[in-house]
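Raw run_9.cif, mmCIF, C-alpha atoms, pLDDT in the B column; chains and numbers go by the auth columns:
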data_coords
#
loop_
_atom_site.group_PDB
_atom_site.id
_atom_site.type_symbol
_atom_site.label_atom_id
_atom_site.label_comp_id
_atom_site.label_asym_id
_atom_site.label_seq_id
_atom_site.Cartn_x
_atom_site.Cartn_y
_atom_site.Cartn_z
_atom_site.B_iso_or_equiv
_atom_site.auth_seq_id
_atom_site.auth_asym_id
ATOM 1 C CA MET A 1 18.922 -74.900 -21.264 47.00 1 A
ATOM 2 C CA GLY A 2 20.820 -72.907 -23.866 60.00 2 A
ATOM 3 C CA LEU A 3 19.347 -69.969 -25.711 90.00 3 A
ATOM 4 C CA ASP A 4 19.301 -71.955 -28.962 97.00 4 A
ATOM 5 C CA LYS A 5 16.154 -74.068 -28.642 98.00 5 A
ATOM 6 C CA THR A 6 16.174 -75.641 -32.101 98.00 6 A
ATOM 7 C CA VAL A 7 16.153 -79.415 -32.487 98.00 7 A
ATOM 8 C CA ALA A 8 17.016 -81.351 -35.599 97.00 8 A
ATOM 9 C CA SER A 9 13.684 -83.019 -36.327 96.00 9 A
ATOM 10 C CA ALA A 10 10.087 -83.382 -35.214 97.00 10 A
ATOM 11 C CA ALA A 11 10.890 -86.947 -34.144 97.00 11 A
ATOM 12 C CA GLU A 12 13.593 -85.662 -31.796 98.00 12 A
ATOM 13 C CA ALA A 13 11.295 -82.923 -30.507 98.00 13 A
ATOM 14 C CA VAL A 14 8.619 -85.398 -29.321 98.00 14 A
ATOM 15 C CA ALA A 15 10.944 -88.266 -28.348 98.00 15 A
ATOM 16 C CA ASP A 16 10.381 -87.839 -24.600 98.00 16 A
ATOM 17 C CA ILE A 17 6.576 -87.550 -24.711 98.00 17 A
ATOM 18 C CA PRO A 18 5.517 -90.690 -22.836 98.00 18 A
ATOM 19 C CA ASP A 19 2.397 -92.810 -23.088 98.00 19 A
ATOM 20 C CA GLY A 20 -0.409 -91.208 -21.102 98.00 20 A
ATOM 21 C CA ALA A 21 0.921 -87.659 -21.433 98.00 21 A
ATOM 22 C CA SER A 22 -1.428 -84.682 -21.533 98.00 22 A
ATOM 23 C CA LEU A 23 -1.034 -82.353 -24.521 98.00 23 A
ATOM 24 C CA ALA A 24 -2.387 -78.878 -25.234 98.00 24 A
ATOM 25 C CA VAL A 25 -2.539 -78.662 -29.023 98.00 25 A
ATOM 26 C CA GLY A 26 -2.867 -75.382 -30.899 97.00 26 A
ATOM 27 C CA GLY A 27 -5.085 -74.829 -33.908 94.00 27 A
ATOM 28 C CA PHE A 28 -8.684 -74.276 -34.858 92.00 28 A
ATOM 29 C CA GLY A 29 -10.206 -76.735 -37.277 87.00 29 A
ATOM 30 C CA LEU A 30 -7.206 -77.481 -39.492 90.00 30 A
ATOM 31 C CA CYS A 31 -5.801 -73.943 -39.245 92.00 31 A
ATOM 32 C CA GLY A 32 -2.562 -73.549 -37.338 94.00 32 A
ATOM 33 C CA ILE A 33 -2.298 -77.187 -36.277 96.00 33 A
ATOM 34 C CA PRO A 34 1.148 -78.723 -35.560 97.00 34 A
ATOM 35 C CA SER A 35 0.973 -81.320 -38.329 96.00 35 A
ATOM 36 C CA ALA A 36 4.648 -82.303 -38.320 97.00 36 A
ATOM 37 C CA LEU A 37 4.658 -82.955 -34.569 98.00 37 A
ATOM 38 C CA ILE A 38 1.417 -84.932 -34.826 97.00 38 A
ATOM 39 C CA HIS A 39 2.913 -87.095 -37.584 96.00 39 A
ATOM 40 C CA ALA A 40 6.026 -87.631 -35.443 97.00 40 A
ATOM 41 C CA LEU A 41 3.920 -88.787 -32.480 97.00 41 A
ATOM 42 C CA LEU A 42 1.997 -91.102 -34.779 97.00 42 A
ATOM 43 C CA ALA A 43 5.220 -92.638 -36.111 97.00 43 A
ATOM 44 C CA ARG A 44 6.629 -93.017 -32.600 97.00 44 A
ATOM 45 C CA GLY A 45 3.589 -94.988 -31.434 97.00 45 A
ATOM 46 C CA THR A 46 2.820 -92.893 -28.353 97.00 46 A
ATOM 47 C CA ARG A 47 -0.476 -94.045 -26.786 97.00 47 A
ATOM 48 C CA ASP A 48 -3.164 -93.183 -24.229 98.00 48 A
ATOM 49 C CA LEU A 49 -2.781 -89.463 -24.821 98.00 49 A
ATOM 50 C CA GLU A 50 -4.985 -86.890 -23.115 98.00 50 A
ATOM 51 C CA ILE A 51 -5.587 -84.071 -25.578 98.00 51 A
ATOM 52 C CA VAL A 52 -6.748 -80.521 -24.889 98.00 52 A
ATOM 53 C CA SER A 53 -7.627 -78.902 -28.208 97.00 53 A
ATOM 54 C CA ASN A 54 -10.488 -76.943 -29.737 95.00 54 A
ATOM 55 C CA ASN A 55 -11.304 -79.952 -31.921 93.00 55 A
ATOM 56 C CA CYS A 56 -9.825 -83.307 -32.860 93.00 56 A
ATOM 57 C CA GLY A 57 -8.984 -82.870 -36.533 90.00 57 A
ATOM 58 C CA VAL A 58 -10.732 -84.718 -39.334 89.00 58 A
ATOM 59 C CA ASP A 59 -10.653 -88.412 -40.190 88.00 59 A
ATOM 60 C CA ASP A 60 -7.482 -88.233 -42.288 87.00 60 A
ATOM 61 C CA TRP A 61 -5.601 -85.180 -41.010 92.00 61 A
ATOM 62 C CA GLY A 62 -4.444 -83.446 -37.859 94.00 62 A
ATOM 63 C CA LEU A 63 -5.299 -85.040 -34.530 96.00 63 A
ATOM 64 C CA GLY A 64 -7.679 -87.291 -36.445 95.00 64 A
ATOM 65 C CA LEU A 65 -4.630 -89.345 -37.437 96.00 65 A
ATOM 66 C CA LEU A 66 -3.805 -90.102 -33.796 97.00 66 A
ATOM 67 C CA LEU A 67 -7.463 -90.716 -33.053 96.00 67 A
ATOM 68 C CA GLY A 68 -7.866 -93.147 -35.959 96.00 68 A
ATOM 69 C CA ALA A 69 -4.828 -95.093 -34.763 97.00 69 A
ATOM 70 C CA GLY A 70 -6.363 -95.456 -31.287 96.00 70 A
ATOM 71 C CA ARG A 71 -3.728 -93.302 -29.601 97.00 71 A
ATOM 72 C CA ILE A 72 -6.050 -90.836 -27.805 98.00 72 A
ATOM 73 C CA ALA A 73 -7.740 -91.892 -24.569 98.00 73 A
ATOM 74 C CA ARG A 74 -9.358 -88.610 -23.578 98.00 74 A
ATOM 75 C CA THR A 75 -10.004 -85.219 -25.122 97.00 75 A
ATOM 76 C CA THR A 76 -11.134 -81.857 -23.790 98.00 76 A
ATOM 77 C CA SER A 77 -12.636 -79.999 -26.744 96.00 77 A
ATOM 78 C CA SER A 78 -15.272 -77.551 -27.914 94.00 78 A
ATOM 79 C CA TYR A 79 -16.126 -78.771 -31.403 88.00 79 A
ATOM 80 C CA VAL A 80 -16.010 -82.307 -32.746 81.00 80 A
ATOM 81 C CA GLY A 81 -18.438 -82.263 -35.649 77.00 81 A
ATOM 82 C CA GLU A 82 -16.107 -82.959 -38.599 78.00 82 A
ATOM 83 C CA ASN A 83 -14.798 -86.343 -37.506 86.00 83 A
ATOM 84 C CA LYS A 84 -16.869 -89.509 -37.983 90.00 84 A
ATOM 85 C CA GLU A 85 -14.310 -91.698 -36.233 93.00 85 A
ATOM 86 C CA PHE A 86 -14.467 -89.382 -33.228 93.00 86 A
ATOM 87 C CA ALA A 87 -18.240 -89.863 -33.031 92.00 87 A
ATOM 88 C CA ARG A 88 -17.874 -93.643 -33.391 94.00 88 A
ATOM 89 C CA GLN A 89 -15.275 -93.938 -30.620 95.00 89 A
ATOM 90 C CA TYR A 90 -17.189 -91.624 -28.306 94.00 90 A
ATOM 91 C CA LEU A 91 -20.534 -93.372 -28.724 93.00 91 A
ATOM 92 C CA SER A 92 -18.983 -96.840 -28.406 94.00 92 A
ATOM 93 C CA GLY A 93 -17.217 -95.991 -25.153 95.00 93 A
ATOM 94 C CA GLU A 94 -13.671 -96.069 -26.525 96.00 94 A
ATOM 95 C CA LEU A 95 -13.033 -92.361 -25.962 97.00 95 A
ATOM 96 C CA GLU A 96 -13.668 -90.074 -22.999 97.00 96 A
ATOM 97 C CA VAL A 97 -14.766 -86.552 -23.984 97.00 97 A
ATOM 98 C CA GLU A 98 -15.076 -83.403 -21.918 97.00 98 A
ATOM 99 C CA LEU A 99 -17.028 -80.823 -23.911 94.00 99 A
ATOM 100 C CA VAL A 100 -16.287 -77.202 -22.959 95.00 100 A
ATOM 101 C CA PRO A 101 -17.664 -73.927 -24.367 95.00 101 A
ATOM 102 C CA GLN A 102 -15.073 -72.536 -26.754 95.00 102 A
ATOM 103 C CA GLY A 103 -14.366 -69.276 -24.955 95.00 103 A
ATOM 104 C CA THR A 104 -14.201 -71.104 -21.640 97.00 104 A
ATOM 105 C CA LEU A 105 -11.660 -73.561 -23.066 97.00 105 A
ATOM 106 C CA ALA A 106 -9.421 -70.724 -24.278 97.00 106 A
ATOM 107 C CA GLU A 107 -9.652 -69.021 -20.890 98.00 107 A
ATOM 108 C CA ARG A 108 -8.988 -72.243 -18.982 98.00 108 A
ATOM 109 C CA LEU A 109 -5.750 -72.677 -20.939 98.00 109 A
ATOM 110 C CA ARG A 110 -4.775 -69.026 -20.484 97.00 110 A
ATOM 111 C CA ALA A 111 -5.582 -69.168 -16.768 98.00 111 A
ATOM 112 C CA GLY A 112 -3.573 -72.334 -16.257 97.00 112 A
ATOM 113 C CA GLY A 113 -0.583 -70.757 -17.956 96.00 113 A
ATOM 114 C CA ALA A 114 -0.928 -67.620 -15.821 96.00 114 A
ATOM 115 C CA GLY A 115 -1.013 -69.602 -12.584 97.00 115 A
ATOM 116 C CA ILE A 116 -4.706 -68.896 -11.965 98.00 116 A
ATOM 117 C CA PRO A 117 -6.243 -72.086 -10.542 98.00 117 A
ATOM 118 C CA ALA A 118 -9.882 -71.212 -11.281 98.00 118 A
ATOM 119 C CA PHE A 119 -12.211 -68.406 -12.364 98.00 119 A
ATOM 120 C CA TYR A 120 -15.921 -67.621 -12.564 98.00 120 A
ATOM 121 C CA THR A 121 -17.743 -67.264 -15.891 98.00 121 A
ATOM 122 C CA PRO A 122 -21.388 -66.854 -16.955 97.00 122 A
ATOM 123 C CA ALA A 123 -20.904 -69.234 -19.899 96.00 123 A
ATOM 124 C CA GLY A 124 -22.875 -72.431 -19.345 95.00 124 A
ATOM 125 C CA VAL A 125 -25.061 -71.207 -16.479 97.00 125 A
ATOM 126 C CA GLY A 126 -28.465 -72.873 -16.618 95.00 126 A
ATOM 127 C CA THR A 127 -27.252 -75.748 -18.806 95.00 127 A
ATOM 128 C CA GLN A 128 -25.761 -79.184 -18.219 94.00 128 A
ATOM 129 C CA VAL A 129 -22.335 -77.548 -18.327 94.00 129 A
ATOM 130 C CA ALA A 130 -23.168 -76.158 -14.885 96.00 130 A
ATOM 131 C CA GLU A 131 -25.671 -78.744 -13.673 96.00 131 A
ATOM 132 C CA GLY A 132 -23.660 -81.811 -14.659 96.00 132 A
ATOM 133 C CA GLY A 133 -24.808 -84.942 -16.416 95.00 133 A
ATOM 134 C CA LEU A 134 -23.101 -84.453 -19.775 94.00 134 A
ATOM 135 C CA PRO A 135 -21.856 -87.865 -20.966 96.00 135 A
ATOM 136 C CA ARG A 136 -18.067 -88.060 -20.836 97.00 136 A
ATOM 137 C CA ARG A 137 -17.821 -91.763 -21.537 97.00 137 A
ATOM 138 C CA TYR A 138 -20.423 -94.258 -22.685 97.00 138 A
ATOM 139 C CA ALA A 139 -20.560 -97.930 -21.739 96.00 139 A
ATOM 140 C CA ALA A 140 -20.626 -100.590 -24.445 89.00 140 A
ATOM 141 C CA ASP A 141 -24.390 -100.942 -24.018 92.00 141 A
ATOM 142 C CA GLY A 142 -24.974 -97.242 -24.703 92.00 142 A
ATOM 143 C CA THR A 143 -25.588 -96.163 -21.131 96.00 143 A
ATOM 144 C CA VAL A 144 -23.566 -93.324 -19.603 96.00 144 A
ATOM 145 C CA ALA A 145 -20.553 -94.716 -17.781 97.00 145 A
ATOM 146 C CA VAL A 146 -19.012 -91.359 -16.764 97.00 146 A
ATOM 147 C CA ALA A 147 -20.957 -88.082 -16.567 97.00 147 A
ATOM 148 C CA SER A 148 -19.753 -84.557 -15.932 96.00 148 A
ATOM 149 C CA PRO A 149 -20.099 -83.391 -12.318 96.00 149 A
ATOM 150 C CA PRO A 150 -22.058 -80.286 -11.285 97.00 150 A
ATOM 151 C CA LYS A 151 -19.991 -77.114 -11.024 97.00 151 A
ATOM 152 C CA GLU A 152 -19.861 -74.676 -8.164 97.00 152 A
ATOM 153 C CA THR A 153 -21.899 -71.504 -8.779 97.00 153 A
ATOM 154 C CA ARG A 154 -21.896 -68.097 -7.123 98.00 154 A
ATOM 155 C CA GLU A 155 -23.666 -64.791 -7.563 98.00 155 A
ATOM 156 C CA PHE A 156 -21.875 -61.538 -8.319 98.00 156 A
ATOM 157 C CA GLY A 157 -23.905 -58.375 -8.761 97.00 157 A
ATOM 158 C CA GLY A 158 -27.129 -60.330 -8.947 97.00 158 A
ATOM 159 C CA ARG A 159 -25.881 -62.598 -11.743 97.00 159 A
ATOM 160 C CA THR A 160 -24.956 -66.278 -11.479 98.00 160 A
ATOM 161 C CA TYR A 161 -21.515 -67.495 -12.502 98.00 161 A
ATOM 162 C CA LEU A 162 -19.958 -70.951 -12.472 97.00 162 A
ATOM 163 C CA LEU A 163 -16.486 -71.970 -11.434 98.00 163 A
ATOM 164 C CA GLU A 164 -14.100 -73.305 -14.098 98.00 164 A
ATOM 165 C CA HIS A 165 -10.610 -74.632 -13.425 98.00 165 A
ATOM 166 C CA GLY A 166 -7.457 -73.598 -15.236 98.00 166 A
ATOM 167 C CA ILE A 167 -5.749 -76.196 -17.417 98.00 167 A
ATOM 168 C CA THR A 168 -2.080 -77.127 -17.457 98.00 168 A
ATOM 169 C CA THR A 169 -0.639 -79.998 -19.473 98.00 169 A
ATOM 170 C CA ASP A 170 2.580 -81.976 -19.636 98.00 170 A
ATOM 171 C CA PHE A 171 3.379 -80.725 -23.146 98.00 171 A
ATOM 172 C CA ALA A 172 2.043 -78.227 -25.661 98.00 172 A
ATOM 173 C CA LEU A 173 2.356 -78.543 -29.452 98.00 173 A
ATOM 174 C CA LEU A 174 2.207 -75.408 -31.619 98.00 174 A
ATOM 175 C CA ARG A 175 2.459 -74.314 -35.253 97.00 175 A
ATOM 176 C CA ALA A 176 4.187 -71.052 -36.190 97.00 176 A
ATOM 177 C CA ALA A 177 4.850 -69.325 -39.474 96.00 177 A
ATOM 178 C CA VAL A 178 8.240 -68.039 -38.312 98.00 178 A
ATOM 179 C CA ALA A 179 10.326 -68.764 -35.229 98.00 179 A
ATOM 180 C CA ASP A 180 13.741 -67.647 -34.139 98.00 180 A
ATOM 181 C CA ARG A 181 16.268 -69.859 -32.382 98.00 181 A
ATOM 182 C CA HIS A 182 15.292 -68.416 -29.001 98.00 182 A
ATOM 183 C CA GLY A 183 11.710 -69.672 -29.407 98.00 183 A
ATOM 184 C CA ASN A 184 9.966 -66.399 -30.242 98.00 184 A
ATOM 185 C CA LEU A 185 7.055 -67.161 -32.578 98.00 185 A
ATOM 186 C CA VAL A 186 5.150 -65.282 -35.263 98.00 186 A
ATOM 187 C CA LEU A 187 1.783 -66.809 -36.164 97.00 187 A
ATOM 188 C CA HIS A 188 0.115 -66.277 -39.518 93.00 188 A
ATOM 189 C CA ALA A 189 -3.339 -64.654 -39.570 90.00 189 A
ATOM 190 C CA SER A 190 -6.004 -66.903 -38.025 90.00 190 A
ATOM 191 C CA ALA A 191 -3.395 -69.348 -36.729 90.00 191 A
ATOM 192 C CA ARG A 192 -3.492 -66.933 -33.787 92.00 192 A
ATOM 193 C CA ASN A 193 -6.303 -69.018 -32.316 93.00 193 A
ATOM 194 C CA PHE A 194 -5.518 -71.571 -29.617 96.00 194 A
ATOM 195 C CA ASN A 195 -1.758 -71.529 -30.161 97.00 195 A
ATOM 196 C CA PRO A 196 -0.932 -68.711 -27.678 97.00 196 A
ATOM 197 C CA PRO A 197 -3.001 -70.046 -24.744 97.00 197 A
ATOM 198 C CA ALA A 198 -1.799 -73.597 -25.435 97.00 198 A
ATOM 199 C CA ALA A 199 1.796 -72.336 -25.357 97.00 199 A
ATOM 200 C CA SER A 200 1.427 -70.977 -21.847 96.00 200 A
ATOM 201 C CA ALA A 201 -0.438 -74.035 -20.528 97.00 201 A
ATOM 202 C CA GLY A 202 2.209 -76.607 -21.439 98.00 202 A
ATOM 203 C CA ARG A 203 4.994 -77.380 -18.984 97.00 203 A
ATOM 204 C CA VAL A 204 7.148 -78.179 -22.038 98.00 204 A
ATOM 205 C CA THR A 205 6.123 -76.321 -25.195 98.00 205 A
ATOM 206 C CA ILE A 206 7.273 -77.521 -28.607 98.00 206 A
ATOM 207 C CA ALA A 207 6.781 -75.398 -31.717 98.00 207 A
ATOM 208 C CA GLU A 208 7.119 -76.403 -35.354 98.00 208 A
ATOM 209 C CA ALA A 209 7.806 -73.524 -37.729 97.00 209 A
ATOM 210 C CA GLU A 210 7.666 -73.060 -41.475 96.00 210 A
ATOM 211 C CA GLU A 211 10.756 -70.868 -41.212 97.00 211 A
ATOM 212 C CA VAL A 212 13.434 -70.506 -38.525 98.00 212 A
ATOM 213 C CA VAL A 213 15.491 -67.303 -38.437 98.00 213 A
ATOM 214 C CA GLU A 214 18.353 -65.958 -36.378 97.00 214 A
ATOM 215 C CA PRO A 215 17.731 -64.108 -33.093 96.00 215 A
ATOM 216 C CA GLY A 216 17.202 -60.393 -33.599 95.00 216 A
ATOM 217 C CA THR A 217 15.559 -60.894 -36.996 96.00 217 A
ATOM 218 C CA LEU A 218 11.978 -60.679 -35.766 97.00 218 A
ATOM 219 C CA ASP A 219 10.339 -57.354 -34.993 97.00 219 A
ATOM 220 C CA PRO A 220 9.455 -57.566 -31.273 96.00 220 A
ATOM 221 C CA ALA A 221 6.129 -55.861 -31.997 96.00 221 A
ATOM 222 C CA HIS A 222 5.156 -58.741 -34.298 95.00 222 A
ATOM 223 C CA ILE A 223 5.917 -61.614 -31.920 98.00 223 A
ATOM 224 C CA HIS A 224 2.772 -63.456 -30.820 97.00 224 A
ATOM 225 C CA VAL A 225 4.330 -66.047 -28.489 98.00 225 A
ATOM 226 C CA PRO A 226 7.435 -64.943 -26.538 97.00 226 A
ATOM 227 C CA GLY A 227 10.282 -67.411 -26.337 97.00 227 A
ATOM 228 C CA VAL A 228 9.946 -67.657 -22.556 96.00 228 A
ATOM 229 C CA TYR A 229 6.997 -70.007 -23.160 97.00 229 A
ATOM 230 C CA VAL A 230 8.784 -72.230 -25.705 98.00 230 A
ATOM 231 C CA GLN A 231 11.354 -74.911 -24.916 98.00 231 A
ATOM 232 C CA ARG A 232 11.874 -76.491 -28.364 98.00 232 A
ATOM 233 C CA VAL A 233 11.673 -75.315 -31.970 98.00 233 A
ATOM 234 C CA VAL A 234 11.804 -77.509 -35.056 98.00 234 A
ATOM 235 C CA ALA A 235 11.865 -76.333 -38.665 97.00 235 A
ATOM 236 C CA ILE A 236 9.456 -78.096 -41.017 95.00 236 A
ATOM 237 C CA ALA A 237 11.436 -79.477 -43.950 88.00 237 A
ATOM 238 C CA PRO A 238 10.564 -77.937 -47.349 86.00 238 A
ATOM 239 C CA ASP A 239 9.389 -81.308 -48.679 85.00 239 A
ATOM 240 C CA ASP A 240 7.502 -82.344 -45.520 86.00 240 A
ATOM 241 C CA PRO A 241 3.848 -83.205 -46.313 80.00 241 A
ATOM 242 C CA ALA A 242 2.961 -81.475 -43.034 79.00 242 A
ATOM 243 C CA ARG A 243 3.421 -78.159 -44.848 79.00 243 A
ATOM 244 C CA GLU A 244 0.133 -78.792 -46.632 82.00 244 A
ATOM 245 C CA ARG A 245 -2.659 -76.490 -45.503 77.00 245 A
ATOM 246 C CA ARG A 246 -6.048 -78.168 -45.637 73.00 246 A
ATOM 247 C CA VAL A 247 -9.588 -77.011 -44.948 73.00 247 A
ATOM 248 C CA GLU A 248 -12.250 -79.194 -43.372 69.00 248 A
ATOM 249 C CA ARG A 249 -14.964 -78.461 -45.886 67.00 249 A
ATOM 250 C CA ARG A 250 -14.848 -76.460 -49.101 69.00 250 A
ATOM 251 C CA THR A 251 -18.196 -74.950 -50.112 71.00 251 A
ATOM 252 C CA LEU A 252 -18.808 -73.196 -53.413 70.00 252 A
ATOM 253 C CA ALA A 253 -22.012 -71.431 -54.373 71.00 253 A
ATOM 254 C CA THR A 254 -23.497 -72.479 -57.702 73.00 254 A
ATOM 255 C CA GLY A 255 -24.576 -70.119 -60.433 65.00 255 A
ATOM 256 C CA THR A 256 -22.539 -67.163 -59.150 61.00 256 A
ATOM 257 C CA ARG A 257 -19.615 -65.284 -60.572 63.00 257 A
ATOM 258 C CA PRO A 258 -16.918 -63.494 -58.568 60.00 258 A
ATOM 259 C CA PRO A 259 -16.881 -59.689 -58.835 63.00 259 A
ATOM 260 C CA GLU A 260 -14.864 -58.271 -61.676 64.00 260 A
ATOM 261 C CA GLY A 261 -11.215 -57.897 -60.820 57.00 261 A
ATOM 262 C CA THR A 262 -11.227 -60.583 -58.129 51.00 262 A
ATOM 263 C CA ARG A 263 -10.763 -63.674 -60.303 47.00 263 A
#

Would you give me this structure, written as structure tokens?
Amino acid sequence: MGLDKTVASAAEAVADIPDGASLAVGGFGLCGIPSALIHALLARGTRDLEIVSNNCGVDDWGLGLLLGAGRIARTTSSYVGENKEFARQYLSGELEVELVPQGTLAERLRAGGAGIPAFYTPAGVGTQVAEGGLPRRYAADGTVAVASPPKETREFGGRTYLLEHGITTDFALLRAAVADRHGNLVLHASARNFNPPAASAGRVTIAEAEEVVEPGTLDPAHIHVPGVYVQRVVAIAPDDPARERRVERRTLATGTRPPEGTR
């Protein structure tokens, strides 16, 4: 592989992602999600995907687009509350869901990328996360077809911990504010959420960037994902709708005024 990791388009970047592939997808809510790559997968028709992501988008944006088109077979997530279609597919038995505490999910991705097969954590001790029985897939009649298994536990220093396994995936999809041609990434503000651990967990990591610059342009102290983790970089076109930054839910208080000087 050459040092220049840029590809011409998002479609080219995801062209070899096969049906049934596992994907670690960066982002939190709709912040820092790889919208252009998601749209490219949707257009390509890739199916039966296994997604590892904090959440699964909303009904009309992000991973919710793939979900609504029936392209996702399984998801490992922490939060799924903003997507009605997700709830419908899960409860009807069309979608398998592994629910994981948010910090545990981040650490499982980081551990997988670091070559750590498993680790102990106190998160989930004394709950169904440890004891098993959480519904992963429902049957058509509403009964539980697949339930989570119990996890191994062990005591350290008089406290109980449970064993969680690291996660690696076939591909990882990321969103960066700026990338250079060698794959070094700068993430904007709270986009530094699940993008770095997802980057390390993917065997092939693909990053879309709002701006691509020449090597040597980025301050090394400001790089959030080193290029060693990234195999492909694609620039988002200026007129690409994927540049839009959405929020899941906008809430405004009534009868209040902003402080003087902030309007």

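A straight line drawn from atom CA of Asp60 of chain A to atom CA of Lys84 of chain A is 10.4 Å long.
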
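Interatomic distance, atom CA of Gly132 of chain A against atom CA of Gly158 of chain A: 22.5 Å.
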
- Message: Every residue with an atom at most 9 Å from (0.0, -94.5, -27.8) (file coordinates; all atoms listed in the file) is what I'm after, so could you write them as a list in words?
- Response: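 Final list of nearby residues, as requested, is Pro18, Asp19, Gly20, Leu41, Leu42, Arg44, Gly45, Thr46, Arg47, Asp48, Leu49, Leu66, Ala69, Gly70, Arg71, Ile72 and Ala73 of chain A.
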
Keeping C-alpha atoms, export the residues of the selection given above as an mmCIF file, keeping the file's coordinate frame.
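And here's part-v5.cif as it stands now:
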data_model
loop_
_atom_site.group_PDB
_atom_site.id
_atom_site.type_symbol
_atom_site.label_atom_id
_atom_site.label_comp_id
_atom_site.auth_asym_id
_atom_site.auth_seq_id
_atom_site.Cartn_x
_atom_site.Cartn_y
_atom_site.Cartn_z
ATOM 1 C CA PRO A 18 5.517 -90.690 -22.836
ATOM 2 C CA ASP A 19 2.397 -92.810 -23.088
ATOM 3 C CA GLY A 20 -0.409 -91.208 -21.102
ATOM 4 C CA LEU A 41 3.920 -88.787 -32.480
ATOM 5 C CA LEU A 42 1.997 -91.102 -34.779
ATOM 6 C CA ARG A 44 6.629 -93.017 -32.600
ATOM 7 C CA GLY A 45 3.589 -94.988 -31.434
ATOM 8 C CA THR A 46 2.820 -92.893 -28.353
ATOM 9 C CA ARG A 47 -0.476 -94.045 -26.786
ATOM 10 C CA ASP A 48 -3.164 -93.183 -24.229
ATOM 11 C CA LEU A 49 -2.781 -89.463 -24.821
ATOM 12 C CA LEU A 66 -3.805 -90.102 -33.796
ATOM 13 C CA ALA A 69 -4.828 -95.093 -34.763
ATOM 14 C CA GLY A 70 -6.363 -95.456 -31.287
ATOM 15 C CA ARG A 71 -3.728 -93.302 -29.601
ATOM 16 C CA ILE A 72 -6.050 -90.836 -27.805
ATOM 17 C CA ALA A 73 -7.740 -91.892 -24.569
#

- Task: Quick one: apply the PyMOL selection byres ((chain A and resi 52-54) around 7) to the file and drop the selected residues here as a ChimeraX atom specification.
- Result: /A:23-26,28,50-51,55-56,75-79

- Expansion of the PyMOL selection byres ((chain A and resi 123) around 12) into residues, as a ChimeraX atom specification: /A:100-105,107,119-122,124-130,151,153,159-164

- Query: Which residues, written as a ChimeraX atom specification, have at least one atom at most 7 Å from Gly133 of chain A, with only C-alpha atoms counted and residues fewer than 3 positions away on the same chain left out?
  - Reply: /A:128,147-149

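Here the question is which of A:Val228, A:Ala13, A:Ala189, A:Leu109 gets nearest to Thr168 of chain A using all atoms listed in the file, and that residue is A:Leu109.
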
Find the residues around Ile223 of chain A up to 12 Å (only C-alpha atoms counted), leave out those fewer than 3 positions away in its own chain, and share them as an mmCIF file with C-alpha atoms, keeping the file's coordinate frame.
data_model
loop_
_atom_site.group_PDB
_atom_site.id
_atom_site.type_symbol
_atom_site.label_atom_id
_atom_site.label_comp_id
_atom_site.auth_asym_id
_atom_site.auth_seq_id
_atom_site.Cartn_x
_atom_site.Cartn_y
_atom_site.Cartn_z
ATOM 1 C CA ALA A 176 4.187 -71.052 -36.190
ATOM 2 C CA ALA A 177 4.850 -69.325 -39.474
ATOM 3 C CA VAL A 178 8.240 -68.039 -38.312
ATOM 4 C CA ALA A 179 10.326 -68.764 -35.229
ATOM 5 C CA ASP A 180 13.741 -67.647 -34.139
ATOM 6 C CA HIS A 182 15.292 -68.416 -29.001
ATOM 7 C CA GLY A 183 11.710 -69.672 -29.407
ATOM 8 C CA ASN A 184 9.966 -66.399 -30.242
ATOM 9 C CA LEU A 185 7.055 -67.161 -32.578
ATOM 10 C CA VAL A 186 5.150 -65.282 -35.263
ATOM 11 C CA LEU A 187 1.783 -66.809 -36.164
ATOM 12 C CA HIS A 188 0.115 -66.277 -39.518
ATOM 13 C CA ARG A 192 -3.492 -66.933 -33.787
ATOM 14 C CA PRO A 196 -0.932 -68.711 -27.678
ATOM 15 C CA GLY A 216 17.202 -60.393 -33.599
ATOM 16 C CA THR A 217 15.559 -60.894 -36.996
ATOM 17 C CA LEU A 218 11.978 -60.679 -35.766
ATOM 18 C CA ASP A 219 10.339 -57.354 -34.993
ATOM 19 C CA PRO A 220 9.455 -57.566 -31.273
ATOM 20 C CA PRO A 226 7.435 -64.943 -26.538
ATOM 21 C CA GLY A 227 10.282 -67.411 -26.337
ATOM 22 C CA VAL A 228 9.946 -67.657 -22.556
#

Report the centre and edge lengths, in Å to one decimal, of an axis-aligned box enclosing every atom of segment 62-75 of chain A listed in the file, padded by 5 Å on each side, as lines of an AutoDock Vina configuration file.
center_x = -6.9
center_y = -89.5
center_z = -30.7
size_x = 16.3
size_y = 22.0
size_z = 24.3

- So what do you get for atom CA of Gly57 of chain A versus atom CA of Thr251 of chain A, distance-wise? 18.2 Å

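Put simply, the PyMOL selection byres ((chain A and resi 144) around 12) in this file takes in Tyr90, Leu91, Ser92, Gly93, Glu96, Val97, Gly133, Leu134, Pro135, Arg136, Arg137, Tyr138, Ala139, Ala140, Asp141, Gly142, Thr143, Ala145, Val146, Ala147 and Ser148 of chain A.
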
- Note on the structure: One residue among A:Ile206, A:Glu131, A:Arg88, A:Arg246 is nearest to Asp16 of chain A when using all atoms listed in the file, and that residue is A:Ile206

Please produce, as a tab-separated table, a per-residue contact table for segment 95-184 of chain A versus segment 29-34 of chain A (criterion: any atom at most 8 Å away, all atoms listed in the file considered), showing the nearest atom pair and its distance in Å to one decimal, sorted by chain then residue number.
residue	atom	partner	partner_atom	distance
A:Leu173	CA	A:Pro34	CA	6.2
A:Leu174	CA	A:Pro34	CA	5.3
A:Arg175	CA	A:Pro34	CA	4.6
A:Ala176	CA	A:Gly32	CA	7.3

Show me, as a short mmCIF file (atom, residue, chain, number, x, y, z; two decimals) with C-alpha atoms, in the frame of the given file, the residues that have an atom within 6 Å of Phe171 of chain A when counting only C-alpha atoms, minus same-chain residues fewer than 3 positions from it.
data_model
loop_
_atom_site.label_atom_id
_atom_site.label_comp_id
_atom_site.auth_asym_id
_atom_site.auth_seq_id
_atom_site.Cartn_x
_atom_site.Cartn_y
_atom_site.Cartn_z
CA LEU A 23 -1.03 -82.35 -24.52
CA GLY A 202 2.21 -76.61 -21.44
CA ARG A 203 4.99 -77.38 -18.98
CA VAL A 204 7.15 -78.18 -22.04
CA THR A 205 6.12 -76.32 -25.20
#
